[in-house]
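Shown next: start.txt, given as compact mmCIF, C-alpha atoms.
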# COMPACT_ATOMS: atom_id res chain seq x y z
CA MET A 1 0.00 0.00 0.00
CA ASN A 2 1.26 3.47 -0.69
CA PRO A 3 2.28 5.35 2.49
CA ASN A 4 -0.01 8.29 1.77
CA ALA A 5 -3.24 6.28 1.77
CA THR A 6 -5.70 6.90 4.58
CA ILE A 7 -6.69 3.22 4.76
CA THR A 8 -4.53 0.20 5.64
CA ASP A 9 -3.51 -2.68 3.39
CA GLU A 10 -6.02 -4.92 5.13
CA GLN A 11 -8.82 -2.40 4.68
CA PHE A 12 -7.98 -1.99 1.01
CA GLU A 13 -8.01 -5.74 0.33
CA ALA A 14 -11.31 -6.04 2.20
CA TYR A 15 -12.69 -3.21 0.07
CA LEU A 16 -11.74 -5.02 -3.14
CA LYS A 17 -13.65 -8.07 -1.92
CA GLN A 18 -16.60 -5.87 -0.90
CA ILE A 19 -16.85 -4.36 -4.39
CA ARG A 20 -16.66 -7.73 -6.12
CA GLU A 21 -19.50 -9.03 -3.97
CA LEU A 22 -21.49 -5.87 -4.68
CA VAL A 23 -21.19 -5.99 -8.48
CA GLU A 24 -21.71 -9.75 -8.77
CA GLY A 25 -24.61 -9.67 -6.29
CA PRO A 26 -26.88 -6.63 -5.83
CA PHE A 27 -25.75 -4.91 -9.05
CA GLU A 28 -26.54 -8.05 -11.07
CA GLU A 29 -30.03 -8.13 -9.56
CA ILE A 30 -30.60 -4.45 -10.37
CA GLN A 31 -29.38 -5.07 -13.93
CA LYS A 32 -32.39 -7.29 -14.67
CA GLU A 33 -34.55 -4.17 -14.47
CA VAL A 34 -32.00 -2.00 -16.29
CA GLU A 35 -31.91 -4.39 -19.26
CA VAL A 36 -35.60 -3.60 -19.80
CA THR A 37 -35.81 0.08 -18.83
CA ASN A 38 -32.32 1.18 -19.97
CA VAL A 39 -32.26 3.50 -16.94
CA PHE A 40 -30.36 3.15 -13.66
CA PRO A 41 -32.78 3.16 -10.73
CA GLN A 42 -31.97 5.31 -7.72
CA GLU A 43 -31.06 2.13 -5.85
CA PHE A 44 -27.93 1.79 -8.01
CA TYR A 45 -26.70 5.29 -7.18
CA ASP A 46 -27.54 4.81 -3.50
CA LEU A 47 -25.53 1.58 -3.33
CA ALA A 48 -22.63 3.21 -5.15
CA ILE A 49 -22.60 6.05 -2.61
CA LYS A 50 -22.98 3.68 0.35
CA ASN A 51 -20.03 1.61 -0.90
CA ASP A 52 -17.79 4.66 -1.45
CA LEU A 53 -17.62 4.23 -5.23
CA TYR A 54 -17.62 8.02 -5.65
CA ARG A 55 -15.10 8.51 -2.85
CA PHE A 56 -12.31 5.93 -3.02
CA TYR A 57 -10.36 7.60 -5.84
CA LEU A 58 -10.31 11.18 -4.51
CA PRO A 59 -7.41 12.84 -2.70
CA ALA A 60 -7.97 13.07 1.07
CA GLU A 61 -8.42 16.84 0.88
CA TYR A 62 -11.62 16.21 -1.11
CA GLY A 63 -12.94 13.44 1.13
CA GLY A 64 -11.12 10.53 -0.52
CA TRP A 65 -8.50 7.98 0.50
CA ASN A 66 -5.30 9.16 -1.25
CA LEU A 67 -5.03 5.96 -3.26
CA ASN A 68 -2.39 5.89 -5.96
CA GLU A 69 -3.23 5.20 -9.60
CA LEU A 70 -2.56 1.47 -9.42
CA GLU A 71 -4.82 1.12 -6.38
CA ILE A 72 -7.57 3.09 -8.11
CA LEU A 73 -7.23 0.83 -11.15
CA ARG A 74 -7.41 -2.30 -8.99
CA VAL A 75 -10.75 -1.16 -7.61
CA GLN A 76 -11.89 -0.53 -11.18
CA GLU A 77 -11.00 -4.08 -12.17
CA GLU A 78 -13.42 -5.33 -9.51
CA PHE A 79 -16.42 -3.21 -10.52
CA SER A 80 -15.72 -3.92 -14.21
CA ARG A 81 -16.68 -7.54 -13.58
CA GLY A 82 -20.28 -6.38 -13.26
CA PRO A 83 -22.88 -4.90 -15.64
CA GLY A 84 -21.32 -2.90 -18.48
CA GLY A 85 -23.42 0.24 -18.17
CA MET A 86 -22.68 0.49 -14.46
CA ARG A 87 -19.00 -0.09 -15.26
CA MET A 88 -19.12 2.72 -17.83
CA HIS A 89 -20.61 5.12 -15.28
CA LEU A 90 -18.25 4.17 -12.45
CA HIS A 91 -15.16 4.16 -14.68
CA HIS A 92 -15.89 7.76 -15.70
CA ALA A 93 -16.63 8.69 -12.09
CA ALA A 94 -13.21 7.41 -11.03
CA ASP A 95 -11.33 9.37 -13.65
CA MET A 96 -12.37 12.22 -15.97
CA ASN A 97 -15.39 13.12 -13.84
CA TRP A 98 -13.21 14.78 -11.17
CA ARG A 99 -9.65 14.72 -12.49
CA ILE A 100 -10.01 17.42 -15.18
CA LEU A 101 -11.30 20.00 -12.71
CA ASP A 102 -8.58 19.04 -10.23
CA ASP A 103 -5.83 19.27 -12.87
CA TYR A 104 -6.95 22.41 -14.71
CA GLY A 105 -9.68 24.21 -12.74
CA LYS A 106 -9.36 27.68 -11.25
CA PRO A 107 -8.73 27.63 -7.47
CA GLU A 108 -12.14 29.22 -6.81
CA LEU A 109 -13.95 26.46 -8.72
CA LYS A 110 -11.96 23.72 -7.05
CA ALA A 111 -12.69 25.18 -3.63
CA LYS A 112 -16.39 25.27 -4.46
CA TYR A 113 -16.85 21.88 -6.12
CA MET A 114 -14.07 19.35 -5.55
CA ASP A 115 -15.39 17.96 -2.26
CA LYS A 116 -18.82 17.45 -3.86
CA PHE A 117 -17.63 14.53 -5.98
CA GLN A 118 -17.32 12.21 -2.97
CA ASP A 119 -21.07 11.49 -2.71
CA LYS A 120 -22.15 12.40 -6.26
CA THR A 121 -23.48 15.80 -5.24
CA ILE A 122 -22.04 16.75 -8.63
CA TYR A 123 -21.06 14.66 -11.65
CA CYS A 124 -19.35 15.88 -14.86
CA ASN A 125 -19.33 14.45 -18.36
CA PHE A 126 -16.77 15.15 -21.10
CA ALA A 127 -17.67 16.54 -24.54
CA ILE A 128 -15.27 16.73 -27.46
CA THR A 129 -16.74 14.62 -30.31
CA GLU A 130 -18.89 16.40 -32.93
CA GLN A 131 -21.05 15.19 -35.81
CA THR A 132 -19.58 17.95 -37.96
CA GLY A 133 -15.96 17.89 -36.86
CA GLY A 134 -14.76 14.60 -35.43
CA THR A 135 -12.78 14.37 -32.20
CA GLY A 136 -9.60 16.33 -32.90
CA ALA A 137 -8.29 19.69 -33.98
CA ASP A 138 -11.04 19.99 -36.62
CA LEU A 139 -13.73 20.89 -34.07
CA HIS A 140 -16.27 23.55 -35.04
CA THR A 141 -17.94 24.44 -31.73
CA THR A 142 -16.80 27.95 -30.77
CA ALA A 143 -16.39 29.87 -27.51
CA LEU A 144 -15.72 33.47 -28.51
CA LYS A 145 -15.43 36.44 -26.20
CA ASN A 146 -18.12 39.12 -26.17
CA GLU A 147 -17.86 42.78 -25.22
CA LYS A 148 -18.15 41.86 -21.52
CA GLY A 149 -15.12 39.58 -21.71
CA ASN A 150 -17.25 36.47 -21.28
CA TYR A 151 -17.09 33.43 -23.57
CA VAL A 152 -20.14 32.65 -25.72
CA LEU A 153 -20.45 28.97 -26.58
CA ASN A 154 -22.14 27.91 -29.85
CA GLY A 155 -22.20 24.56 -31.61
CA GLU A 156 -22.86 20.89 -30.91
CA LYS A 157 -21.40 17.70 -29.49
CA TRP A 158 -22.34 14.09 -30.20
CA LEU A 159 -22.06 10.66 -28.56
CA ILE A 160 -21.61 12.20 -25.12
CA SER A 161 -21.80 9.75 -22.21
CA HIS A 162 -23.43 10.27 -18.79
CA THR A 163 -25.60 13.20 -19.91
CA ASP A 164 -28.51 11.74 -17.95
CA CYS A 165 -26.83 12.17 -14.56
CA SER A 166 -24.44 15.10 -15.01
CA ASP A 167 -24.48 18.57 -13.53
CA PHE A 168 -21.54 19.94 -15.55
CA THR A 169 -19.83 19.24 -18.86
CA TYR A 170 -16.17 19.61 -19.78
CA VAL A 171 -16.36 21.13 -23.28
CA ILE A 172 -13.53 21.51 -25.80
CA ALA A 173 -14.22 24.43 -28.16
CA VAL A 174 -12.53 26.83 -30.59
CA THR A 175 -11.43 30.13 -29.07
CA ASP A 176 -9.05 31.16 -31.87
CA PRO A 177 -10.73 30.50 -35.25
CA GLU A 178 -7.84 32.12 -37.14
CA SER A 179 -5.33 29.53 -35.97
CA ASP A 180 -4.79 26.22 -37.76
CA LYS A 181 -2.88 24.72 -34.82
CA ASP A 182 -3.90 22.94 -31.63
CA SER A 183 -3.77 26.31 -29.85
CA ARG A 184 -7.09 27.19 -31.49
CA LEU A 185 -8.84 25.06 -28.83
CA SER A 186 -9.66 25.73 -25.18
CA ALA A 187 -11.47 23.77 -22.47
CA PHE A 188 -14.41 24.87 -20.30
CA PHE A 189 -16.33 23.70 -17.24
CA VAL A 190 -19.92 24.31 -18.32
CA PRO A 191 -22.97 24.16 -15.99
CA ASN A 192 -25.64 22.00 -17.63
CA ASP A 193 -28.37 24.35 -16.43
CA ALA A 194 -26.86 27.35 -18.22
CA PRO A 195 -29.32 29.13 -20.57
CA GLY A 196 -28.89 27.85 -24.12
CA PHE A 197 -27.57 24.40 -23.08
CA GLU A 198 -29.70 21.63 -24.64
CA ILE A 199 -29.51 17.83 -24.41
CA VAL A 200 -30.54 15.93 -27.56
CA GLU A 201 -31.69 12.33 -27.12
CA MET A 202 -29.93 9.46 -28.90
CA PRO A 203 -31.03 5.83 -29.53
CA HIS A 204 -30.26 3.14 -26.96
CA MET A 205 -26.99 1.24 -27.24
CA MET A 206 -26.54 -2.43 -28.11
CA GLY A 207 -24.93 -3.10 -24.72
CA CYS A 208 -23.92 -1.29 -21.54
CA ARG A 209 -27.58 -0.67 -20.76
CA GLY A 210 -28.46 2.15 -18.38
CA ALA A 211 -25.56 4.47 -19.23
CA GLY A 212 -27.11 7.57 -20.78
CA HIS A 213 -25.80 9.01 -24.06
CA ALA A 214 -26.94 12.10 -25.91
CA GLY A 215 -25.99 14.96 -28.16
CA LEU A 216 -25.51 18.51 -26.88
CA LYS A 217 -26.42 21.84 -28.45
CA PHE A 218 -25.08 25.22 -27.35
CA ASP A 219 -26.98 28.34 -28.32
CA ASN A 220 -25.21 31.44 -27.01
CA VAL A 221 -24.24 29.81 -23.72
CA GLU A 222 -22.44 32.61 -21.86
CA LEU A 223 -19.56 31.68 -19.56
CA GLU A 224 -17.54 33.89 -17.27
CA PRO A 225 -13.72 33.51 -17.55
CA ILE A 226 -13.64 31.53 -14.30
CA TYR A 227 -15.08 28.57 -16.24
CA LEU A 228 -12.04 28.39 -18.55
CA LEU A 229 -9.92 25.33 -17.69
CA GLY A 230 -6.21 26.06 -17.78
CA GLU A 231 -5.32 28.81 -20.23
CA GLU A 232 -6.67 29.78 -23.63
CA GLY A 233 -5.19 27.52 -26.28
CA GLN A 234 -4.66 24.67 -23.82
CA GLY A 235 -7.75 22.72 -24.85
CA MET A 236 -5.97 20.04 -26.85
CA GLU A 237 -3.54 19.44 -24.00
CA VAL A 238 -6.46 19.08 -21.57
CA ALA A 239 -8.16 16.62 -23.92
CA ILE A 240 -5.10 14.53 -24.77
CA HIS A 241 -3.81 14.25 -21.20
CA SER A 242 -7.26 13.44 -19.82
CA LEU A 243 -8.01 10.91 -22.56
CA SER A 244 -4.60 9.28 -22.12
CA VAL A 245 -5.31 8.48 -18.48
CA SER A 246 -8.89 7.48 -19.28
CA ARG A 247 -7.67 5.04 -21.95
CA VAL A 248 -5.88 3.08 -19.25
CA HIS A 249 -9.08 3.02 -17.20
CA ILE A 250 -10.82 1.60 -20.28
CA ALA A 251 -8.04 -0.97 -20.55
CA MET A 252 -8.58 -1.96 -16.91
CA SER A 253 -12.30 -2.27 -17.57
CA ASN A 254 -11.46 -4.71 -20.36
CA LEU A 255 -9.15 -6.56 -18.02
CA GLY A 256 -11.87 -6.92 -15.38
CA MET A 257 -14.33 -8.27 -17.93
CA ALA A 258 -11.77 -10.59 -19.52
CA GLN A 259 -10.74 -11.98 -16.12
CA ARG A 260 -14.32 -12.79 -15.23
CA MET A 261 -14.95 -14.36 -18.65
CA LEU A 262 -11.89 -16.58 -18.19
CA GLU A 263 -13.02 -17.69 -14.74
CA ILE A 264 -16.52 -18.67 -15.81
CA THR A 265 -15.12 -20.35 -18.92
CA LEU A 266 -12.84 -22.53 -16.77
CA LYS A 267 -15.80 -23.60 -14.64
CA ARG A 268 -17.84 -24.46 -17.71
CA ALA A 269 -14.97 -26.36 -19.35
CA ASN A 270 -14.45 -28.46 -16.21
CA ASP A 271 -18.18 -29.22 -15.84
CA ARG A 272 -19.01 -30.00 -19.47
CA ILE A 273 -18.55 -33.74 -20.10
CA THR A 274 -18.29 -35.26 -23.58
CA PHE A 275 -17.31 -38.85 -24.30
CA GLY A 276 -16.79 -39.34 -20.58
CA LYS A 277 -14.25 -36.55 -20.10
CA PRO A 278 -14.43 -32.81 -19.22
CA ILE A 279 -13.82 -30.73 -22.32
CA ALA A 280 -11.12 -28.91 -20.29
CA SER A 281 -8.96 -32.00 -20.87
CA ARG A 282 -9.13 -31.65 -24.68
CA GLN A 283 -6.01 -30.26 -26.33
CA MET A 284 -7.93 -27.74 -28.43
CA ILE A 285 -9.70 -26.33 -25.35
CA LYS A 286 -6.37 -26.15 -23.50
CA GLU A 287 -4.96 -24.13 -26.41
CA LYS A 288 -7.84 -21.68 -26.15
CA ILE A 289 -7.49 -21.32 -22.38
CA ALA A 290 -3.75 -20.76 -22.74
CA ARG A 291 -4.28 -17.95 -25.25
CA MET A 292 -6.91 -16.32 -23.03
CA GLN A 293 -4.57 -16.36 -20.03
CA ALA A 294 -1.58 -15.11 -22.05
CA HIS A 295 -3.56 -12.12 -23.34
CA ILE A 296 -4.85 -11.28 -19.85
CA HIS A 297 -1.39 -11.51 -18.26
CA THR A 298 0.17 -9.31 -20.97
CA LEU A 299 -2.54 -6.69 -20.53
CA ARG A 300 -2.18 -6.69 -16.74
CA CYS A 301 1.57 -6.12 -17.00
CA ALA A 302 1.10 -3.20 -19.41
CA ILE A 303 -1.46 -1.52 -17.13
CA TYR A 304 0.64 -2.00 -14.00
CA ASP A 305 3.67 -0.52 -15.77
CA PHE A 306 1.64 2.54 -16.82
CA ALA A 307 0.34 3.02 -13.27
CA ARG A 308 3.86 2.94 -11.81
CA ASP A 309 4.99 5.56 -14.34
CA TYR A 310 1.96 7.73 -13.72
CA ASP A 311 2.39 7.68 -9.95
CA ILE A 312 5.99 8.88 -10.33
CA ASP A 313 5.10 11.63 -12.83
CA PRO A 314 1.60 12.00 -14.33
CA TYR A 315 3.05 14.17 -17.09
CA ASN A 316 6.01 11.95 -18.02
CA GLU A 317 6.84 11.82 -21.73
CA TYR A 318 5.64 8.23 -22.23
CA VAL A 319 2.16 8.63 -20.71
CA THR A 320 0.41 9.07 -24.07
CA GLU A 321 2.14 6.19 -25.83
CA LYS A 322 1.82 3.71 -22.98
CA ALA A 323 -1.85 4.60 -22.48
CA ALA A 324 -2.59 3.96 -26.16
CA ILE A 325 -0.70 0.66 -25.98
CA CYS A 326 -2.79 -0.39 -22.96
CA LYS A 327 -6.03 0.47 -24.75
CA LEU A 328 -5.03 -1.32 -27.97
CA VAL A 329 -3.83 -4.45 -26.18
CA SER A 330 -7.00 -4.45 -24.08
CA ILE A 331 -9.24 -4.42 -27.16
CA GLU A 332 -7.35 -7.35 -28.65
CA THR A 333 -7.53 -9.15 -25.29
CA VAL A 334 -11.23 -8.77 -24.61
CA LYS A 335 -12.05 -9.55 -28.25
CA GLU A 336 -10.22 -12.87 -28.21
CA VAL A 337 -11.27 -13.81 -24.68
CA SER A 338 -14.97 -13.12 -25.35
CA ASP A 339 -14.87 -15.07 -28.63
CA GLU A 340 -13.16 -18.05 -27.00
CA MET A 341 -15.58 -17.94 -24.06
CA LEU A 342 -18.58 -18.14 -26.37
CA GLU A 343 -17.03 -20.93 -28.44
CA ILE A 344 -16.19 -23.01 -25.36
CA PHE A 345 -19.67 -22.49 -23.90
CA GLY A 346 -21.31 -23.33 -27.21
CA GLY A 347 -24.97 -22.52 -27.68
CA ASP A 348 -25.55 -22.35 -23.92
CA GLY A 349 -23.41 -19.22 -23.75
CA TYR A 350 -25.58 -17.36 -26.23
CA PHE A 351 -28.67 -17.38 -23.99
CA GLU A 352 -29.39 -14.54 -21.56
CA ASP A 353 -29.42 -16.73 -18.46
CA SER A 354 -26.49 -18.96 -17.58
CA PRO A 355 -25.69 -20.58 -14.24
CA TYR A 356 -22.03 -19.67 -14.75
CA GLY A 357 -22.49 -15.94 -15.22
CA PRO A 358 -23.82 -13.38 -17.72
CA THR A 359 -22.00 -14.74 -20.79
CA GLU A 360 -24.35 -13.15 -23.33
CA ARG A 361 -24.26 -9.75 -21.64
CA LEU A 362 -20.49 -9.75 -21.15
CA TYR A 363 -20.05 -10.59 -24.84
CA ARG A 364 -22.38 -7.73 -25.79
CA ASP A 365 -21.12 -5.17 -23.26
CA CYS A 366 -17.44 -5.52 -24.09
CA ARG A 367 -18.04 -4.46 -27.73
CA ALA A 368 -18.53 -0.85 -26.57
CA MET A 369 -14.90 -0.85 -25.47
CA TRP A 370 -13.71 -0.84 -29.09
CA LEU A 371 -14.91 2.76 -29.28
CA GLU A 372 -14.65 4.37 -25.85
CA GLU A 373 -11.77 6.89 -25.79
CA GLY A 374 -10.82 6.07 -29.37
CA ALA A 375 -11.13 3.12 -31.77
CA PRO A 376 -8.15 0.77 -32.43
CA ASN A 377 -6.89 2.76 -35.41
CA VAL A 378 -6.74 5.91 -33.25
CA GLN A 379 -4.55 4.06 -30.76
CA LYS A 380 -2.30 2.77 -33.55
CA ILE A 381 -1.82 6.28 -34.95
CA THR A 382 -0.93 7.57 -31.47
CA ILE A 383 1.49 4.72 -30.78
CA ALA A 384 3.23 5.12 -34.14
CA ARG A 385 3.57 8.89 -33.71
CA GLU A 386 5.07 8.58 -30.23
CA CYS A 387 7.26 5.64 -31.26
CA GLN A 388 8.74 7.67 -34.11
CA LYS A 389 9.24 10.67 -31.84
CA PHE A 390 11.36 8.65 -29.39
CA GLY A 391 13.08 6.42 -31.92
CA GLY A 392 11.37 3.30 -30.67
CA VAL A 393 12.66 3.72 -27.13
CA VAL A 394 10.29 3.33 -24.15
CA LYS A 395 11.53 3.72 -20.57
CA TYR A 396 10.28 1.67 -17.64
CA ASN A 397 10.24 2.16 -13.88
CA PHE A 398 11.02 -1.27 -12.54
Take the structure in this file and express it as structure tokens.
Amino acid sequence: MNPNATITDEQFEAYLKQIRELVEGPFEEIQKEVEVTNVFPQEFYDLAIKNDLYRFYLPAEYGGWNLNELEILRVQEEFSRGPGGMRMHLHHAADMNWRILDDYGKPELKAKYMDKFQDKTIYCNFAITEQTGGTGADLHTTALKNEKGNYVLNGEKWLISHTDCSDFTYVIAVTDPESDKDSRLSAFFVPNDAPGFEIVEMPHMMGCRGAGHAGLKFDNVELEPIYLLGEEGQGMEVAIHSLSVSRVHIAMSNLGMAQRMLEITLKRANDRITFGKPIASRQMIKEKIARMQAHIHTLRCAIYDFARDYDIDPYNEYVTEKAAICKLVSIETVKEVSDEMLEIFGGDGYFEDSPYGPTERLYRDCRAMWLEEGAPNVQKITIARECQKFGGVVKYNF
């Protein structure tokens, strides 16, 4: 345990067990309703608050436990074993929800809001993607100053998660339309109840039921300078740094799901008898299990290495590359593990109810992970760019 934590090693290990029991017990029961309604009931939020799932990741000054990044990620692995929509909500809560304001917010805003994350008094989503401009430097949403010196936000965002339960939105927008560089963008902390802020409904997702997604429209949303995050022109830095860390949280989500899929697959393979023998004894099944375990182990090592680096220096020069590697490896891992799980289960794994665990839902939920925080090709572009920058060298802290 890190020496700065406000809980002991024993308390932390007990907490990991507590969260696993929560997500594989009460959360699974709640999910039966969520699969039909596509909405989290208040009971889910209440249990999350009661079990400190909005608190554990915060610094002690904001009501949290001073956990380091690896410890935060280990908790995330446990709740990622549960329903995908709940995982999506809690993963964001543990990372971008609070971290962007803490890293880039004005002291006055931090003093007013940071301690309100611990019990979900406030919750913040993140908005960069646009229908008209992608997710990079080609954004079209603007935040231009008026005669009062305030920023006026106009434009749209699309595919924005957690809009159903958020009080604020981190928005990346153009403040310097004349520039063709990253410095044209700035970041803002936008109250969702500001005049001119509109939420536009989107269809339900294939998986991860309950996690709300929507589009956003901004019609002359006026923001005082205090709502600017960092400095003007720092928007791309805010986005890239925040997404880099979040990509590792996505990778850990994939790890949690893959680990659970492996465990239930082993139980099934040992129980399923054909020609008088468990199928786990068949060479072809052993080959599949070996590949599943090798992928999971490789992914775990990559995530743990990133976490060590991040805890030493969250702005170290390899953060972006290692985060993209974690995300890419995690997609490949959960893809192969979920496919092998379904093949080993056979037809029984395709049904909604299984005595071994939610095989059908896990298979469906993990597909969203291809896209969260950037599709595989985005990760490959990032890795190649950083690899070329450093001549293929990557440094490690072990």
Using only C-alpha atoms, which residues sit within 10 Å of range 121-125 of chain A once same-chain residues fewer than 2 positions away are excluded, as a PDB file with C-alpha atoms, in the frame of the given file?
ATOM      1  CA  TYR A  54     -17.620   8.020  -5.650  1.00  0.00           C
ATOM      2  CA  HIS A  89     -20.610   5.120 -15.280  1.00  0.00           C
ATOM      3  CA  HIS A  92     -15.890   7.760 -15.700  1.00  0.00           C
ATOM      4  CA  ALA A  93     -16.630   8.690 -12.090  1.00  0.00           C
ATOM      5  CA  MET A  96     -12.370  12.220 -15.970  1.00  0.00           C
ATOM      6  CA  ASN A  97     -15.390  13.120 -13.840  1.00  0.00           C
ATOM      7  CA  TRP A  98     -13.210  14.780 -11.170  1.00  0.00           C
ATOM      8  CA  ILE A 100     -10.010  17.420 -15.180  1.00  0.00           C
ATOM      9  CA  LEU A 101     -11.300  20.000 -12.710  1.00  0.00           C
ATOM     10  CA  TYR A 113     -16.850  21.880  -6.120  1.00  0.00           C
ATOM     11  CA  MET A 114     -14.070  19.350  -5.550  1.00  0.00           C
ATOM     12  CA  ASP A 115     -15.390  17.960  -2.260  1.00  0.00           C
ATOM     13  CA  LYS A 116     -18.820  17.450  -3.860  1.00  0.00           C
ATOM     14  CA  PHE A 117     -17.630  14.530  -5.980  1.00  0.00           C
ATOM     15  CA  GLN A 118     -17.320  12.210  -2.970  1.00  0.00           C
ATOM     16  CA  ASP A 119     -21.070  11.490  -2.710  1.00  0.00           C
ATOM     17  CA  ALA A 127     -17.670  16.540 -24.540  1.00  0.00           C
ATOM     18  CA  ILE A 160     -21.610  12.200 -25.120  1.00  0.00           C
ATOM     19  CA  SER A 161     -21.800   9.750 -22.210  1.00  0.00           C
ATOM     20  CA  HIS A 162     -23.430  10.270 -18.790  1.00  0.00           C
ATOM     21  CA  THR A 163     -25.600  13.200 -19.910  1.00  0.00           C
ATOM     22  CA  ASP A 164     -28.510  11.740 -17.950  1.00  0.00           C
ATOM     23  CA  CYS A 165     -26.830  12.170 -14.560  1.00  0.00           C
ATOM     24  CA  SER A 166     -24.440  15.100 -15.010  1.00  0.00           C
ATOM     25  CA  ASP A 167     -24.480  18.570 -13.530  1.00  0.00           C
ATOM     26  CA  PHE A 168     -21.540  19.940 -15.550  1.00  0.00           C
ATOM     27  CA  THR A 169     -19.830  19.240 -18.860  1.00  0.00           C
ATOM     28  CA  TYR A 170     -16.170  19.610 -19.780  1.00  0.00           C
ATOM     29  CA  VAL A 171     -16.360  21.130 -23.280  1.00  0.00           C
ATOM     30  CA  PHE A 189     -16.330  23.700 -17.240  1.00  0.00           C
ATOM     31  CA  VAL A 190     -19.920  24.310 -18.320  1.00  0.00           C
ATOM     32  CA  PRO A 191     -22.970  24.160 -15.990  1.00  0.00           C
ATOM     33  CA  ASN A 192     -25.640  22.000 -17.630  1.00  0.00           C
TER      34      ASN A 192
END
Can you tell me which residues surround Tyr356 in chain A at a distance of at most 12 Å, considering all atoms listed in the file, apart from same-chain residues fewer than 3 positions away, and format the answer as a PDB file with C-alpha atoms, keeping the file's coordinate frame?
ATOM      1  CA  GLU A  24     -21.710  -9.750  -8.770  1.00  0.00           C
ATOM      2  CA  ARG A 260     -14.320 -12.790 -15.230  1.00  0.00           C
ATOM      3  CA  MET A 261     -14.950 -14.360 -18.650  1.00  0.00           C
ATOM      4  CA  LEU A 262     -11.890 -16.580 -18.190  1.00  0.00           C
ATOM      5  CA  GLU A 263     -13.020 -17.690 -14.740  1.00  0.00           C
ATOM      6  CA  ILE A 264     -16.520 -18.670 -15.810  1.00  0.00           C
ATOM      7  CA  THR A 265     -15.120 -20.350 -18.920  1.00  0.00           C
ATOM      8  CA  LEU A 266     -12.840 -22.530 -16.770  1.00  0.00           C
ATOM      9  CA  LYS A 267     -15.800 -23.600 -14.640  1.00  0.00           C
ATOM     10  CA  ARG A 268     -17.840 -24.460 -17.710  1.00  0.00           C
ATOM     11  CA  ALA A 269     -14.970 -26.360 -19.350  1.00  0.00           C
ATOM     12  CA  ASN A 270     -14.450 -28.460 -16.210  1.00  0.00           C
ATOM     13  CA  ASP A 271     -18.180 -29.220 -15.840  1.00  0.00           C
ATOM     14  CA  ARG A 272     -19.010 -30.000 -19.470  1.00  0.00           C
ATOM     15  CA  MET A 341     -15.580 -17.940 -24.060  1.00  0.00           C
ATOM     16  CA  PHE A 345     -19.670 -22.490 -23.900  1.00  0.00           C
ATOM     17  CA  ASP A 348     -25.550 -22.350 -23.920  1.00  0.00           C
ATOM     18  CA  GLY A 349     -23.410 -19.220 -23.750  1.00  0.00           C
ATOM     19  CA  PHE A 351     -28.670 -17.380 -23.990  1.00  0.00           C
ATOM     20  CA  GLU A 352     -29.390 -14.540 -21.560  1.00  0.00           C
ATOM     21  CA  ASP A 353     -29.420 -16.730 -18.460  1.00  0.00           C
ATOM     22  CA  THR A 359     -22.000 -14.740 -20.790  1.00  0.00           C
ATOM     23  CA  GLU A 360     -24.350 -13.150 -23.330  1.00  0.00           C
ATOM     24  CA  LEU A 362     -20.490  -9.750 -21.150  1.00  0.00           C
TER      25      LEU A 362
END
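When only C-alpha atoms are used to compute distances to Tyr310 in chain A, the closest of the residues A:Asp182, A:Glu69, A:Glu373, A:Glu287 turns out to be A:Glu69.
Only residues having an atom at most 6 Å from (-24.0, 30.6, -25.9) are included; using only C-alpha atoms, these are Val152, Leu153, Asn154, Gly196, Phe218, Asp219, Asn220, Val221 and Glu222 of chain A.
Put simply, CA of Tyr45 in chain A is 29.2 Å away from CA of Ala323 in chain A.
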Problem - Between CA of Asp180 in chain A and CA of Leu328 in chain A, distance in Å (one decimal) - result: 29.2 Å
Problem - Shell around Gly233 in chain A at 6 Å using all atoms listed in the file, local window under 5 positions removed, as a PyMOL selection string - result: chain A and resi 183-186
